[in-house]
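Trainee: One file: run_10.pdb (PDB, N, CA and C atoms).
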ATOM      1  N   MET C  25     243.740  41.382 336.075  1.00  0.00           N
ATOM      2  CA  MET C  25     244.297  42.723 336.014  1.00  0.00           C
ATOM      3  C   MET C  25     243.465  43.652 336.897  1.00  0.00           C
ATOM      4  N   GLU C  26     244.160  44.406 337.735  1.00  0.00           N
ATOM      5  CA  GLU C  26     243.472  45.311 338.659  1.00  0.00           C
ATOM      6  C   GLU C  26     243.015  46.562 337.925  1.00  0.00           C
ATOM      7  N   GLN C  27     241.770  46.938 338.150  1.00  0.00           N
ATOM      8  CA  GLN C  27     241.199  48.118 337.514  1.00  0.00           C
ATOM      9  C   GLN C  27     241.597  49.364 338.299  1.00  0.00           C
ATOM     10  N   LYS C  28     242.036  50.411 337.596  1.00  0.00           N
ATOM     11  CA  LYS C  28     242.394  51.669 338.249  1.00  0.00           C
ATOM     12  C   LYS C  28     241.128  52.384 338.695  1.00  0.00           C
ATOM     13  N   LYS C  29     241.240  53.080 339.823  1.00  0.00           N
ATOM     14  CA  LYS C  29     240.135  53.888 340.311  1.00  0.00           C
ATOM     15  C   LYS C  29     240.635  55.309 340.531  1.00  0.00           C
ATOM     16  N   LEU C  30     239.830  56.264 340.130  1.00  0.00           N
ATOM     17  CA  LEU C  30     240.186  57.669 340.298  1.00  0.00           C
ATOM     18  C   LEU C  30     239.862  58.086 341.719  1.00  0.00           C
ATOM     19  N   ARG C  31     240.914  58.389 342.485  1.00  0.00           N
ATOM     20  CA  ARG C  31     240.771  58.786 343.883  1.00  0.00           C
ATOM     21  C   ARG C  31     241.757  59.907 344.194  1.00  0.00           C
ATOM     22  N   ARG C  32     241.418  60.686 345.220  1.00  0.00           N
ATOM     23  CA  ARG C  32     242.360  61.707 345.685  1.00  0.00           C
ATOM     24  C   ARG C  32     243.558  61.002 346.313  1.00  0.00           C
ATOM     25  N   SER C  33     244.714  61.576 346.147  1.00  0.00           N
ATOM     26  CA  SER C  33     245.954  60.956 346.596  1.00  0.00           C
ATOM     27  C   SER C  33     246.344  61.418 347.999  1.00  0.00           C
ATOM     28  N   GLU C  34     247.185  60.621 348.636  1.00  0.00           N
ATOM     29  CA  GLU C  34     247.795  61.030 349.907  1.00  0.00           C
ATOM     30  C   GLU C  34     248.958  61.984 349.657  1.00  0.00           C
ATOM     31  N   ASN C  35     249.487  61.984 348.440  1.00  0.00           N
ATOM     32  CA  ASN C  35     250.546  62.901 348.026  1.00  0.00           C
ATOM     33  C   ASN C  35     249.878  64.230 347.674  1.00  0.00           C
ATOM     34  N   ARG C  36     249.528  64.994 348.683  1.00  0.00           N
ATOM     35  CA  ARG C  36     248.708  66.173 348.434  1.00  0.00           C
ATOM     36  C   ARG C  36     249.399  67.462 348.821  1.00  0.00           C
ATOM     37  N   MET C  37     249.066  68.499 348.064  1.00  0.00           N
ATOM     38  CA  MET C  37     249.469  69.848 348.435  1.00  0.00           C
ATOM     39  C   MET C  37     248.257  70.561 349.025  1.00  0.00           C
ATOM     40  N   LEU C  38     247.112  70.411 348.393  1.00  0.00           N
ATOM     41  CA  LEU C  38     245.870  70.972 348.931  1.00  0.00           C
ATOM     42  C   LEU C  38     244.909  69.839 349.269  1.00  0.00           C
ATOM     43  N   GLY C  39     244.258  69.313 348.244  1.00  0.00           N
ATOM     44  CA  GLY C  39     243.261  68.275 348.488  1.00  0.00           C
ATOM     45  C   GLY C  39     243.614  66.926 347.901  1.00  0.00           C
ATOM     46  N   GLY C  40     244.706  66.841 347.149  1.00  0.00           N
ATOM     47  CA  GLY C  40     245.104  65.587 346.543  1.00  0.00           C
ATOM     48  C   GLY C  40     244.452  65.305 345.207  1.00  0.00           C
ATOM     49  N   VAL C  41     243.752  66.287 344.658  1.00  0.00           N
ATOM     50  CA  VAL C  41     243.028  66.085 343.399  1.00  0.00           C
ATOM     51  C   VAL C  41     243.994  65.910 342.228  1.00  0.00           C
ATOM     52  N   ILE C  42     244.929  66.818 342.061  1.00  0.00           N
ATOM     53  CA  ILE C  42     245.852  66.749 340.935  1.00  0.00           C
ATOM     54  C   ILE C  42     246.760  65.529 341.059  1.00  0.00           C
ATOM     55  N   ALA C  43     247.219  65.222 342.258  1.00  0.00           N
ATOM     56  CA  ALA C  43     248.050  64.035 342.455  1.00  0.00           C
ATOM     57  C   ALA C  43     247.259  62.766 342.153  1.00  0.00           C
ATOM     58  N   GLY C  44     245.983  62.749 342.497  1.00  0.00           N
ATOM     59  CA  GLY C  44     245.132  61.615 342.169  1.00  0.00           C
ATOM     60  C   GLY C  44     244.964  61.446 340.671  1.00  0.00           C
ATOM     61  N   LEU C  45     244.790  62.548 339.964  1.00  0.00           N
ATOM     62  CA  LEU C  45     244.706  62.495 338.501  1.00  0.00           C
ATOM     63  C   LEU C  45     246.027  62.013 337.899  1.00  0.00           C
ATOM     64  N   ALA C  46     247.146  62.476 338.453  1.00  0.00           N
ATOM     65  CA  ALA C  46     248.457  62.056 337.963  1.00  0.00           C
ATOM     66  C   ALA C  46     248.671  60.559 338.175  1.00  0.00           C
ATOM     67  N   GLU C  47     248.267  60.047 339.320  1.00  0.00           N
ATOM     68  CA  GLU C  47     248.393  58.610 339.575  1.00  0.00           C
ATOM     69  C   GLU C  47     247.497  57.809 338.639  1.00  0.00           C
ATOM     70  N   TYR C  48     246.297  58.293 338.393  1.00  0.00           N
ATOM     71  CA  TYR C  48     245.357  57.586 337.533  1.00  0.00           C
ATOM     72  C   TYR C  48     245.869  57.514 336.087  1.00  0.00           C
ATOM     73  N   PHE C  49     246.393  58.638 335.577  1.00  0.00           N
ATOM     74  CA  PHE C  49     246.868  58.684 334.201  1.00  0.00           C
ATOM     75  C   PHE C  49     248.346  58.331 334.072  1.00  0.00           C
ATOM     76  N   ASP C  50     249.001  58.028 335.189  1.00  0.00           N
ATOM     77  CA  ASP C  50     250.403  57.619 335.231  1.00  0.00           C
ATOM     78  C   ASP C  50     251.322  58.656 334.583  1.00  0.00           C
ATOM     79  N   VAL C  51     251.186  59.905 335.053  1.00  0.00           N
ATOM     80  CA  VAL C  51     252.043  61.003 334.601  1.00  0.00           C
ATOM     81  C   VAL C  51     252.698  61.638 335.825  1.00  0.00           C
ATOM     82  N   ASP C  52     253.718  62.441 335.580  1.00  0.00           N
ATOM     83  CA  ASP C  52     254.435  63.116 336.661  1.00  0.00           C
ATOM     84  C   ASP C  52     253.534  64.150 337.325  1.00  0.00           C
ATOM     85  N   VAL C  53     253.428  64.073 338.634  1.00  0.00           N
ATOM     86  CA  VAL C  53     252.518  64.944 339.373  1.00  0.00           C
ATOM     87  C   VAL C  53     252.943  66.409 339.288  1.00  0.00           C
ATOM     88  N   THR C  54     254.229  66.677 339.307  1.00  0.00           N
ATOM     89  CA  THR C  54     254.707  68.059 339.245  1.00  0.00           C
ATOM     90  C   THR C  54     254.362  68.697 337.902  1.00  0.00           C
ATOM     91  N   MET C  55     254.551  67.956 336.822  1.00  0.00           N
ATOM     92  CA  MET C  55     254.219  68.488 335.499  1.00  0.00           C
ATOM     93  C   MET C  55     252.722  68.733 335.368  1.00  0.00           C
ATOM     94  N   LEU C  56     251.908  67.843 335.908  1.00  0.00           N
ATOM     95  CA  LEU C  56     250.460  68.029 335.835  1.00  0.00           C
ATOM     96  C   LEU C  56     250.031  69.241 336.663  1.00  0.00           C
ATOM     97  N   ARG C  57     250.651  69.434 337.826  1.00  0.00           N
ATOM     98  CA  ARG C  57     250.332  70.613 338.652  1.00  0.00           C
ATOM     99  C   ARG C  57     250.690  71.906 337.926  1.00  0.00           C
ATOM    100  N   VAL C  58     251.873  71.929 337.309  1.00  0.00           N
ATOM    101  CA  VAL C  58     252.312  73.123 336.581  1.00  0.00           C
ATOM    102  C   VAL C  58     251.373  73.397 335.404  1.00  0.00           C
ATOM    103  N   CYS C  59     251.040  72.365 334.645  1.00  0.00           N
ATOM    104  CA  CYS C  59     250.128  72.530 333.505  1.00  0.00           C
ATOM    105  C   CYS C  59     248.760  73.016 333.962  1.00  0.00           C
ATOM    106  N   TYR C  60     248.263  72.479 335.064  1.00  0.00           N
ATOM    107  CA  TYR C  60     246.952  72.878 335.575  1.00  0.00           C
ATOM    108  C   TYR C  60     246.948  74.350 335.990  1.00  0.00           C
ATOM    109  N   VAL C  61     247.990  74.780 336.678  1.00  0.00           N
ATOM    110  CA  VAL C  61     248.071  76.181 337.114  1.00  0.00           C
ATOM    111  C   VAL C  61     248.189  77.103 335.902  1.00  0.00           C
ATOM    112  N   LEU C  62     249.045  76.752 334.950  1.00  0.00           N
ATOM    113  CA  LEU C  62     249.196  77.592 333.760  1.00  0.00           C
ATOM    114  C   LEU C  62     247.903  77.660 332.958  1.00  0.00           C
ATOM    115  N   LEU C  63     247.243  76.533 332.807  1.00  0.00           N
ATOM    116  CA  LEU C  63     245.973  76.508 332.092  1.00  0.00           C
ATOM    117  C   LEU C  63     244.929  77.360 332.811  1.00  0.00           C
ATOM    118  N   SER C  64     244.933  77.305 334.130  1.00  0.00           N
ATOM    119  CA  SER C  64     243.980  78.087 334.923  1.00  0.00           C
ATOM    120  C   SER C  64     244.256  79.586 334.831  1.00  0.00           C
ATOM    121  N   LEU C  65     245.516  79.957 334.820  1.00  0.00           N
ATOM    122  CA  LEU C  65     245.873  81.378 334.822  1.00  0.00           C
ATOM    123  C   LEU C  65     245.750  82.037 333.452  1.00  0.00           C
ATOM    124  N   PHE C  66     246.100  81.309 332.401  1.00  0.00           N
ATOM    125  CA  PHE C  66     246.224  81.951 331.095  1.00  0.00           C
ATOM    126  C   PHE C  66     245.065  81.715 330.137  1.00  0.00           C
ATOM    127  N   THR C  67     244.025  80.998 330.574  1.00  0.00           N
ATOM    128  CA  THR C  67     242.872  80.830 329.697  1.00  0.00           C
ATOM    129  C   THR C  67     241.613  81.245 330.442  1.00  0.00           C
ATOM    130  N   ALA C  68     240.814  82.007 329.767  1.00  0.00           N
ATOM    131  CA  ALA C  68     239.551  82.435 330.367  1.00  0.00           C
ATOM    132  C   ALA C  68     238.495  81.345 330.246  1.00  0.00           C
ATOM    133  N   ALA C  69     238.711  80.395 329.339  1.00  0.00           N
ATOM    134  CA  ALA C  69     237.721  79.351 329.101  1.00  0.00           C
ATOM    135  C   ALA C  69     237.814  78.215 330.112  1.00  0.00           C
ATOM    136  N   PHE C  70     238.884  78.157 330.902  1.00  0.00           N
ATOM    137  CA  PHE C  70     239.072  77.069 331.863  1.00  0.00           C
ATOM    138  C   PHE C  70     239.009  77.620 333.284  1.00  0.00           C
ATOM    139  N   PRO C  71     237.870  77.476 333.953  1.00  0.00           N
ATOM    140  CA  PRO C  71     237.753  77.973 335.332  1.00  0.00           C
ATOM    141  C   PRO C  71     238.400  76.995 336.314  1.00  0.00           C
ATOM    142  N   GLY C  72     239.703  77.088 336.447  1.00  0.00           N
ATOM    143  CA  GLY C  72     240.488  76.121 337.210  1.00  0.00           C
ATOM    144  C   GLY C  72     240.064  75.938 338.647  1.00  0.00           C
ATOM    145  N   LEU C  73     239.795  77.011 339.351  1.00  0.00           N
ATOM    146  CA  LEU C  73     239.420  76.905 340.758  1.00  0.00           C
ATOM    147  C   LEU C  73     238.079  76.192 340.915  1.00  0.00           C
ATOM    148  N   LEU C  74     237.139  76.527 340.077  1.00  0.00           N
ATOM    149  CA  LEU C  74     235.827  75.887 340.133  1.00  0.00           C
ATOM    150  C   LEU C  74     235.926  74.387 339.833  1.00  0.00           C
ATOM    151  N   VAL C  75     236.692  74.021 338.818  1.00  0.00           N
ATOM    152  CA  VAL C  75     236.881  72.607 338.470  1.00  0.00           C
ATOM    153  C   VAL C  75     237.557  71.872 339.618  1.00  0.00           C
ATOM    154  N   TYR C  76     238.562  72.489 340.235  1.00  0.00           N
ATOM    155  CA  TYR C  76     239.266  71.862 341.349  1.00  0.00           C
ATOM    156  C   TYR C  76     238.309  71.607 342.524  1.00  0.00           C
ATOM    157  N   ILE C  77     237.492  72.579 342.848  1.00  0.00           N
ATOM    158  CA  ILE C  77     236.548  72.433 343.964  1.00  0.00           C
ATOM    159  C   ILE C  77     235.531  71.333 343.676  1.00  0.00           C
ATOM    160  N   ILE C  78     235.038  71.277 342.452  1.00  0.00           N
ATOM    161  CA  ILE C  78     234.085  70.222 342.093  1.00  0.00           C
ATOM    162  C   ILE C  78     234.742  68.849 342.202  1.00  0.00           C
ATOM    163  N   LEU C  79     235.962  68.717 341.674  1.00  0.00           N
ATOM    164  CA  LEU C  79     236.671  67.442 341.784  1.00  0.00           C
ATOM    165  C   LEU C  79     236.967  67.084 343.235  1.00  0.00           C
ATOM    166  N   LEU C  80     237.285  68.070 344.043  1.00  0.00           N
ATOM    167  CA  LEU C  80     237.548  67.836 345.463  1.00  0.00           C
ATOM    168  C   LEU C  80     236.315  67.263 346.152  1.00  0.00           C
ATOM    169  N   LEU C  81     235.148  67.720 345.751  1.00  0.00           N
ATOM    170  CA  LEU C  81     233.911  67.253 346.367  1.00  0.00           C
ATOM    171  C   LEU C  81     233.472  65.882 345.863  1.00  0.00           C
ATOM    172  N   ILE C  82     233.735  65.552 344.595  1.00  0.00           N
ATOM    173  CA  ILE C  82     233.213  64.294 344.059  1.00  0.00           C
ATOM    174  C   ILE C  82     234.214  63.141 344.070  1.00  0.00           C
ATOM    175  N   MET C  83     235.509  63.435 344.121  1.00  0.00           N
ATOM    176  CA  MET C  83     236.507  62.347 344.142  1.00  0.00           C
ATOM    177  C   MET C  83     236.640  61.802 345.552  1.00  0.00           C
ATOM    178  N   PRO C  84     236.547  60.473 345.727  1.00  0.00           N
ATOM    179  CA  PRO C  84     236.705  59.905 347.068  1.00  0.00           C
ATOM    180  C   PRO C  84     238.167  59.929 347.512  1.00  0.00           C
ATOM    181  N   ASN C  85     238.390  59.878 348.817  1.00  0.00           N
ATOM    182  CA  ASN C  85     239.739  59.775 349.362  1.00  0.00           C
ATOM    183  C   ASN C  85     240.331  58.427 349.009  1.00  0.00           C
ATOM    184  N   SER C  86     241.652  58.334 349.087  1.00  0.00           N
ATOM    185  CA  SER C  86     242.305  57.078 348.758  1.00  0.00           C
ATOM    186  C   SER C  86     242.033  55.990 349.799  1.00  0.00           C
ATOM    187  N   GLN C  87     241.651  56.362 351.031  1.00  0.00           N
ATOM    188  CA  GLN C  87     241.374  55.374 352.080  1.00  0.00           C
ATOM    189  C   GLN C  87     239.982  54.770 351.933  1.00  0.00           C
ATOM    190  N   GLU C  88     239.064  55.482 351.299  1.00  0.00           N
ATOM    191  CA  GLU C  88     237.699  54.997 351.182  1.00  0.00           C
ATOM    192  C   GLU C  88     237.605  53.878 350.181  1.00  0.00           C
ATOM    193  N   GLN C  89     236.706  52.938 350.424  1.00  0.00           N
ATOM    194  CA  GLN C  89     236.511  51.829 349.493  1.00  0.00           C
ATOM    195  C   GLN C  89     235.413  52.132 348.582  1.00  0.00           C
TER     196      GLN C  89
END
Any chance you could give the structure as structure tokens?
Mentor:
Amino acid sequence: MEQKKLRRSENRMLGGVIAGLAEYFDVDVTMLRVCYVLLSLFTAAFPGLLVYIILLLIMPNSQEQ
């Protein structure tokens, strides 16, 4: 059985972070994007932009091994 790896996706709008998370957890990418934006906008406890930037820096591209 092939092990899943968390990587940024080629299906990207900005950096491919949310699409990579959607592929890893096998959920619809559009729903995850909408949930992420709503969570970022309507909660003060979730610093969405900061989390996105950190994930963008630490998640490898899908082409990298």
Trainee: Could you tell me how far atom C of Gln27 (chain C) sits from atom N of Ile42 (chain C), in Å to one decimal place?
Mentor: 18.2 Å
Trainee: If you apply the PyMOL selection byres (((chain C and resi 61 and name CA) around 12) and name CA) to this file, what residues do you get, as a ChimeraX atom specification?
Mentor: /C:42,54-60,62-67,70-73,75-76
Trainee: Provide the atom C of Met37 (chain C) to atom C of Ala69 (chain C) distance in Å, to one decimal place.
Mentor: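 The value is 22.9 Å.
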Trainee: Please identify all polymer residues within 7 Å of Gly44 (chain C), counting only C-alpha atoms, omitting same-chain residues fewer than 4 positions from it, and present them as a PyMOL selection string.
Mentor: chain C and resi 30-33+40+48
Trainee: Can you list every residue in region 34-89 of chain C that DSSP puts in helix (DSSP H, G or I), as a ChimeraX atom specification?
Mentor: /C:41-49,53-66,72-82
Trainee: So, counting all atoms listed in the file, which residue among C:Glu47, C:Leu80, C:Ala68, C:Gln87 is closest to Lys28 (chain C)?
Mentor: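 Under the stated criterion, the closest residue is C:Glu47.
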Trainee: Would you compute the distance between atom N of Glu34 (chain C) and CA of Asn85 (chain C)? Give it in Å to one decimal.
Mentor: 7.5 Å
Trainee: Enclose region 34-53 of chain C, meaning all of its atoms listed in the file, in a box aligned along x, y and z, pad it by 8 Å on each side, and list the centre and edge lengths in Å to one decimal, as lines of an AutoDock Vina configuration file.
Mentor:
center_x = 248.7
center_y = 64.2
center_z = 342.0
size_x = 27.4
size_y = 29.5
size_z = 31.8
